[in-house]
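For reference, the structure is listed below as structure tokens.
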Amino acid sequence: MFDQGFPEQLKEDVLAVTRLIANKSANAAMEMPEQFIHYVHKDKAIQFPYRIYYADIPDKAAAKLSPQQKMILHCIYSRSHDGLIRQKHLRCLLQMDYEEWAIPYIVKICDEYVVEILEMVYGLLKNQDTTEIQRFCLENKESFCRSYSRMISYWNEYHRLNSPDFQQYVGRKLFRECLGYKKSMELKTKPSLH
């Protein structure tokens, strides 16, 4: 289920991490989720679950993993159904010297409704060089623009009362300042008349 969410050369590490999750998680069944996220990175298709429903594994068990395996673990748990687990693992991931292959997991969580996660991501990314993240977003422009619209919908539905000025809303600042969103990304190319 996670083999298409990471580069082929990480296959053994992904297997080690998923075995650990299956062994340590209270609901160890690695059932197939219904929805998947789809991106492209350097002409390679990437796919990973929209949500996973595994209990978090103990920190003591995760401590035995290699740094690369920990990064994989944090990516996987960034898709957790539990917002606190997503936030914990994303914080760990963003505090690491994360690899390029982790970027899709970082970008995907930025369109979600939990404002505390958006605030944390913005706080950690705003002073980083996010050129590679912006490059990824541009490569996945259509999906990225849908994510921007989704973020706006969540602001309108859940956060507008507490953050009435959208220009100052943390989700907007995250997308524009860190992820590189520009209105021009949404402009469709007009077909040529020739």
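All residue names refer to the structure tokens as shown: chains lettered A, B, ... in order, residues numbered from 1 in each chain, ligands numbered from 1 in order.
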
Residues flagged alpha helix (DSSP H) by DSSP in stretch 37-188 of chain A, as an MDAnalysis selection string: chainID A and resid 59:62 67:77 83:95 103:109 115:125 131:139 141:154 170:173

Shell of 9 Å around stretch 139-153 of chain A, only C-alpha atoms, local chain residues under 5 positions omitted, as an MDAnalysis selection string: chainID A and resid 38:42 107:108 110:113 134 158 166 171:172 175 181 183 185:186

Given the selection you just returned, output its residues as a file containing N, CA and C atoms, formatted as an mmCIF file, in the first residue's frame.
```
data_model
loop_
_atom_site.group_PDB
_atom_site.id
_atom_site.type_symbol
_atom_site.label_atom_id
_atom_site.label_comp_id
_atom_site.auth_asym_id
_atom_site.auth_seq_id
_atom_site.Cartn_x
_atom_site.Cartn_y
_atom_site.Cartn_z
ATOM 1 N N HIS A 38 -2.652 11.364 -5.291
ATOM 2 C CA HIS A 38 -1.829 11.130 -6.482
ATOM 3 C C HIS A 38 -1.049 12.397 -6.815
ATOM 4 N N TYR A 39 0.246 12.239 -6.979
ATOM 5 C CA TYR A 39 1.115 13.319 -7.412
ATOM 6 C C TYR A 39 2.100 12.774 -8.448
ATOM 7 N N VAL A 40 2.877 13.675 -9.013
ATOM 8 C CA VAL A 40 3.980 13.312 -9.900
ATOM 9 C C VAL A 40 5.213 14.035 -9.373
ATOM 10 N N HIS A 41 6.338 13.348 -9.385
ATOM 11 C CA HIS A 41 7.584 13.994 -9.001
ATOM 12 C C HIS A 41 8.683 13.505 -9.930
ATOM 13 N N LYS A 42 9.238 14.429 -10.675
ATOM 14 C CA LYS A 42 10.286 14.108 -11.650
ATOM 15 C C LYS A 42 9.837 12.982 -12.571
ATOM 16 N N VAL A 107 3.292 18.711 1.639
ATOM 17 C CA VAL A 107 2.360 19.547 0.869
ATOM 18 C C VAL A 107 0.917 19.119 1.108
ATOM 19 N N LYS A 108 0.656 17.821 1.122
ATOM 20 C CA LYS A 108 -0.725 17.352 1.236
ATOM 21 C C LYS A 108 -1.374 17.801 2.530
ATOM 22 N N CYS A 110 -1.068 20.425 4.103
ATOM 23 C CA CYS A 110 -1.301 21.877 4.153
ATOM 24 C C CYS A 110 -2.698 22.289 3.698
ATOM 25 N N ASP A 111 -3.465 21.378 3.125
ATOM 26 C CA ASP A 111 -4.821 21.757 2.702
ATOM 27 C C ASP A 111 -5.893 21.230 3.651
ATOM 28 N N GLU A 112 -5.482 20.806 4.828
ATOM 29 C CA GLU A 112 -6.433 20.221 5.768
ATOM 30 C C GLU A 112 -7.018 21.262 6.716
ATOM 31 N N TYR A 113 -8.014 20.864 7.472
ATOM 32 C CA TYR A 113 -8.814 21.796 8.270
ATOM 33 C C TYR A 113 -8.258 22.107 9.653
ATOM 34 N N GLN A 134 8.340 24.348 -3.507
ATOM 35 C CA GLN A 134 7.659 25.164 -4.524
ATOM 36 C C GLN A 134 7.788 24.526 -5.905
ATOM 37 N N TYR A 158 -14.799 26.780 8.777
ATOM 38 C CA TYR A 158 -14.424 26.565 10.176
ATOM 39 C C TYR A 158 -13.674 27.719 10.847
ATOM 40 N N PHE A 166 -8.961 37.094 5.518
ATOM 41 C CA PHE A 166 -8.308 35.984 4.817
ATOM 42 C C PHE A 166 -6.861 36.301 4.462
ATOM 43 N N GLY A 171 -3.336 29.730 6.690
ATOM 44 C CA GLY A 171 -3.349 28.851 5.516
ATOM 45 C C GLY A 171 -2.956 29.589 4.252
ATOM 46 N N ARG A 172 -3.478 30.794 4.099
ATOM 47 C CA ARG A 172 -3.126 31.610 2.931
ATOM 48 C C ARG A 172 -1.651 31.962 2.954
ATOM 49 N N PHE A 175 0.444 28.864 2.017
ATOM 50 C CA PHE A 175 0.418 28.563 0.585
ATOM 51 C C PHE A 175 1.192 29.601 -0.227
ATOM 52 N N TYR A 181 2.253 29.483 -3.959
ATOM 53 C CA TYR A 181 1.018 29.692 -4.714
ATOM 54 C C TYR A 181 0.968 31.106 -5.291
ATOM 55 N N LYS A 183 -1.780 33.339 -8.080
ATOM 56 C CA LYS A 183 -3.051 33.308 -8.807
ATOM 57 C C LYS A 183 -2.849 32.884 -10.261
ATOM 58 N N MET A 185 -1.136 30.649 -11.422
ATOM 59 C CA MET A 185 -1.066 29.191 -11.568
ATOM 60 C C MET A 185 -2.406 28.616 -12.006
ATOM 61 N N GLU A 186 -3.473 29.319 -11.702
ATOM 62 C CA GLU A 186 -4.810 28.826 -12.017
ATOM 63 C C GLU A 186 -5.270 29.191 -13.416
#
```

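Atom CA of A:Ile103 lies 10.9 Å from atom CA of A:Gly5.
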
Residue neighbourhood stretch 65-82 of chain A, 10 Å, only C-alpha atoms, exclusion window fewer than 5 positions, as an MDAnalysis selection string: chainID A and resid 2 5:6 10 12:18 20:21 48:57 60 87:94 96:99 101:106 108:109

Those residues with N, CA and C atoms, as a compact mmCIF listing (two decimals), in the first residue's frame please?
```txt
# COMPACT_ATOMS: atom_id res chain seq x y z
N PHE A 2 2.06 1.19 0.58
CA PHE A 2 2.93 2.36 0.63
C PHE A 2 4.06 2.30 -0.39
N GLY A 5 4.44 5.22 -2.68
CA GLY A 5 4.56 6.53 -2.04
C GLY A 5 5.99 6.93 -1.77
N PHE A 6 6.93 6.03 -2.11
CA PHE A 6 8.35 6.28 -1.85
C PHE A 6 9.17 5.77 -3.03
N LEU A 10 13.99 2.70 -1.74
CA LEU A 10 13.66 2.66 -0.31
C LEU A 10 12.77 1.47 0.04
N GLU A 12 13.14 -1.66 0.86
CA GLU A 12 13.45 -2.43 2.07
C GLU A 12 13.17 -1.63 3.34
N ASP A 13 13.47 -0.33 3.30
CA ASP A 13 13.19 0.52 4.46
C ASP A 13 11.69 0.67 4.68
N VAL A 14 10.94 0.83 3.60
CA VAL A 14 9.48 0.94 3.70
C VAL A 14 8.92 -0.35 4.29
N LEU A 15 9.43 -1.48 3.84
CA LEU A 15 8.98 -2.77 4.36
C LEU A 15 9.29 -2.89 5.85
N ALA A 16 10.47 -2.47 6.27
CA ALA A 16 10.84 -2.53 7.69
C ALA A 16 9.89 -1.67 8.53
N VAL A 17 9.56 -0.49 8.03
CA VAL A 17 8.67 0.42 8.77
C VAL A 17 7.25 -0.15 8.83
N THR A 18 6.74 -0.65 7.72
CA THR A 18 5.37 -1.18 7.73
C THR A 18 5.27 -2.43 8.60
N LEU A 20 7.04 -2.88 11.33
CA LEU A 20 7.04 -2.34 12.69
C LEU A 20 5.64 -1.83 13.05
N ILE A 21 5.01 -1.11 12.12
CA ILE A 21 3.65 -0.60 12.37
C ILE A 21 2.70 -1.78 12.62
N PHE A 48 -0.20 7.60 -2.30
CA PHE A 48 -0.22 7.17 -0.91
C PHE A 48 -1.62 7.36 -0.34
N PRO A 49 -1.94 6.67 0.75
CA PRO A 49 -3.30 6.74 1.30
C PRO A 49 -3.68 8.14 1.77
N TYR A 50 -4.94 8.48 1.57
CA TYR A 50 -5.45 9.74 2.09
C TYR A 50 -5.48 9.69 3.61
N ARG A 51 -5.91 8.58 4.17
CA ARG A 51 -5.95 8.38 5.62
C ARG A 51 -5.54 6.96 5.95
N ILE A 52 -4.88 6.83 7.10
CA ILE A 52 -4.59 5.52 7.67
C ILE A 52 -5.23 5.48 9.06
N TYR A 53 -5.49 4.28 9.53
CA TYR A 53 -6.21 4.12 10.79
C TYR A 53 -5.44 3.23 11.77
N TYR A 54 -4.15 3.43 11.86
CA TYR A 54 -3.31 2.66 12.78
C TYR A 54 -3.05 3.49 14.02
N ALA A 55 -3.01 2.80 15.16
CA ALA A 55 -2.60 3.49 16.38
C ALA A 55 -1.13 3.88 16.23
N ASP A 56 -0.75 4.96 16.86
CA ASP A 56 0.64 5.40 16.82
C ASP A 56 1.52 4.36 17.51
N ILE A 57 2.71 4.17 17.00
CA ILE A 57 3.61 3.22 17.65
C ILE A 57 4.38 3.94 18.74
N LYS A 60 9.61 4.54 21.78
CA LYS A 60 10.72 3.62 22.07
C LYS A 60 10.96 2.68 20.89
N GLN A 87 0.02 15.77 13.47
CA GLN A 87 0.82 16.92 13.88
C GLN A 87 2.16 16.49 14.48
N LYS A 88 2.13 15.50 15.35
CA LYS A 88 3.36 15.00 15.99
C LYS A 88 4.38 14.54 14.94
N HIS A 89 3.92 13.73 14.01
CA HIS A 89 4.85 13.16 13.02
C HIS A 89 5.29 14.20 11.99
N LEU A 90 4.41 15.10 11.63
CA LEU A 90 4.81 16.14 10.70
C LEU A 90 5.84 17.07 11.34
N ARG A 91 5.66 17.39 12.62
CA ARG A 91 6.64 18.22 13.33
C ARG A 91 8.02 17.52 13.31
N CYS A 92 8.02 16.22 13.62
CA CYS A 92 9.28 15.47 13.60
C CYS A 92 9.90 15.50 12.21
N LEU A 93 9.09 15.31 11.18
CA LEU A 93 9.57 15.31 9.80
C LEU A 93 10.17 16.66 9.42
N LEU A 94 9.47 17.73 9.75
CA LEU A 94 9.93 19.07 9.38
C LEU A 94 11.17 19.50 10.17
N MET A 96 13.59 17.43 10.79
CA MET A 96 14.69 16.62 10.24
C MET A 96 15.23 17.32 8.98
N ASP A 97 16.34 16.86 8.52
CA ASP A 97 16.84 17.28 7.22
C ASP A 97 16.16 16.36 6.20
N TYR A 98 14.88 16.63 5.95
CA TYR A 98 14.05 15.71 5.16
C TYR A 98 14.50 15.65 3.70
N GLU A 99 14.25 14.49 3.13
CA GLU A 99 14.60 14.23 1.73
C GLU A 99 13.51 14.78 0.81
N TRP A 101 11.82 13.24 -1.35
CA TRP A 101 10.68 12.32 -1.49
C TRP A 101 9.65 12.51 -0.37
N ALA A 102 9.98 13.25 0.67
CA ALA A 102 9.03 13.52 1.76
C ALA A 102 8.13 14.72 1.45
N ILE A 103 8.49 15.50 0.45
CA ILE A 103 7.75 16.73 0.14
C ILE A 103 6.27 16.50 -0.15
N PRO A 104 5.88 15.47 -0.91
CA PRO A 104 4.44 15.29 -1.15
C PRO A 104 3.62 15.16 0.14
N TYR A 105 4.19 14.52 1.14
CA TYR A 105 3.49 14.34 2.41
C TYR A 105 3.34 15.68 3.14
N ILE A 106 4.35 16.51 3.04
CA ILE A 106 4.31 17.84 3.66
C ILE A 106 3.26 18.71 2.96
N LYS A 108 0.66 17.82 1.12
CA LYS A 108 -0.72 17.35 1.24
C LYS A 108 -1.37 17.80 2.53
N ILE A 109 -0.64 17.80 3.61
CA ILE A 109 -1.25 18.13 4.90
C ILE A 109 -1.61 19.62 4.99
```

As a compact mmCIF listing (two decimals) with N, CA, C and O atoms, in the first residue's frame, which residues of stretch 16-128 of chain A does DSSP assign to strand (DSSP E or B)?
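Saved result, selection.txt, follows:
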```txt
# COMPACT_ATOMS: atom_id res chain seq x y z
N PHE A 36 -6.80 7.48 -2.28
CA PHE A 36 -5.37 7.69 -2.39
C PHE A 36 -5.10 9.09 -2.92
O PHE A 36 -5.90 9.67 -3.66
N ILE A 37 -3.97 9.63 -2.55
CA ILE A 37 -3.47 10.90 -3.04
C ILE A 37 -2.55 10.58 -4.21
O ILE A 37 -1.73 9.66 -4.13
N HIS A 38 -2.65 11.36 -5.29
CA HIS A 38 -1.83 11.13 -6.48
C HIS A 38 -1.05 12.40 -6.81
O HIS A 38 -1.63 13.48 -6.91
N TYR A 39 0.25 12.24 -6.98
CA TYR A 39 1.11 13.32 -7.41
C TYR A 39 2.10 12.77 -8.45
O TYR A 39 2.18 11.56 -8.67
N VAL A 40 2.88 13.68 -9.01
CA VAL A 40 3.98 13.31 -9.90
C VAL A 40 5.21 14.04 -9.37
O VAL A 40 5.12 15.19 -8.94
N HIS A 41 6.34 13.35 -9.38
CA HIS A 41 7.58 13.99 -9.00
C HIS A 41 8.68 13.51 -9.93
O HIS A 41 8.96 12.31 -9.99
N LYS A 44 7.70 10.69 -12.20
CA LYS A 44 7.32 9.42 -11.57
C LYS A 44 6.02 9.63 -10.80
O LYS A 44 5.87 10.60 -10.07
N ALA A 45 5.09 8.70 -10.97
CA ALA A 45 3.82 8.76 -10.25
C ALA A 45 4.04 8.41 -8.78
O ALA A 45 4.81 7.50 -8.46
N ILE A 46 3.38 9.15 -7.92
CA ILE A 46 3.43 8.91 -6.48
C ILE A 46 2.00 8.71 -6.01
O ILE A 46 1.10 9.44 -6.41
N GLN A 47 1.81 7.73 -5.16
CA GLN A 47 0.48 7.45 -4.62
C GLN A 47 0.62 7.02 -3.18
O GLN A 47 1.46 6.19 -2.85
N PHE A 48 -0.20 7.60 -2.30
CA PHE A 48 -0.22 7.17 -0.91
C PHE A 48 -1.62 7.36 -0.34
O PHE A 48 -2.41 8.13 -0.89
N PRO A 49 -1.94 6.67 0.75
CA PRO A 49 -3.30 6.74 1.30
C PRO A 49 -3.68 8.14 1.77
O PRO A 49 -2.84 8.86 2.32
N ILE A 52 -4.88 6.83 7.10
CA ILE A 52 -4.59 5.52 7.67
C ILE A 52 -5.23 5.48 9.06
O ILE A 52 -5.45 6.51 9.67
N SER A 80 -2.38 9.98 9.21
CA SER A 80 -3.22 9.40 10.26
C SER A 80 -4.60 10.06 10.32
O SER A 80 -4.74 11.25 10.05
```

Atomic separation - atom CA of A:Ser184 relative to atom CA of A:Ile117, Å: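 Interatomic distance here is 26.7 Å.
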
Pairwise distance for atom CA of A:Leu124 and atom CA of A:Asp3, rounded to one decimal in Å: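 Computing it gives 28.0 Å between the two atoms.
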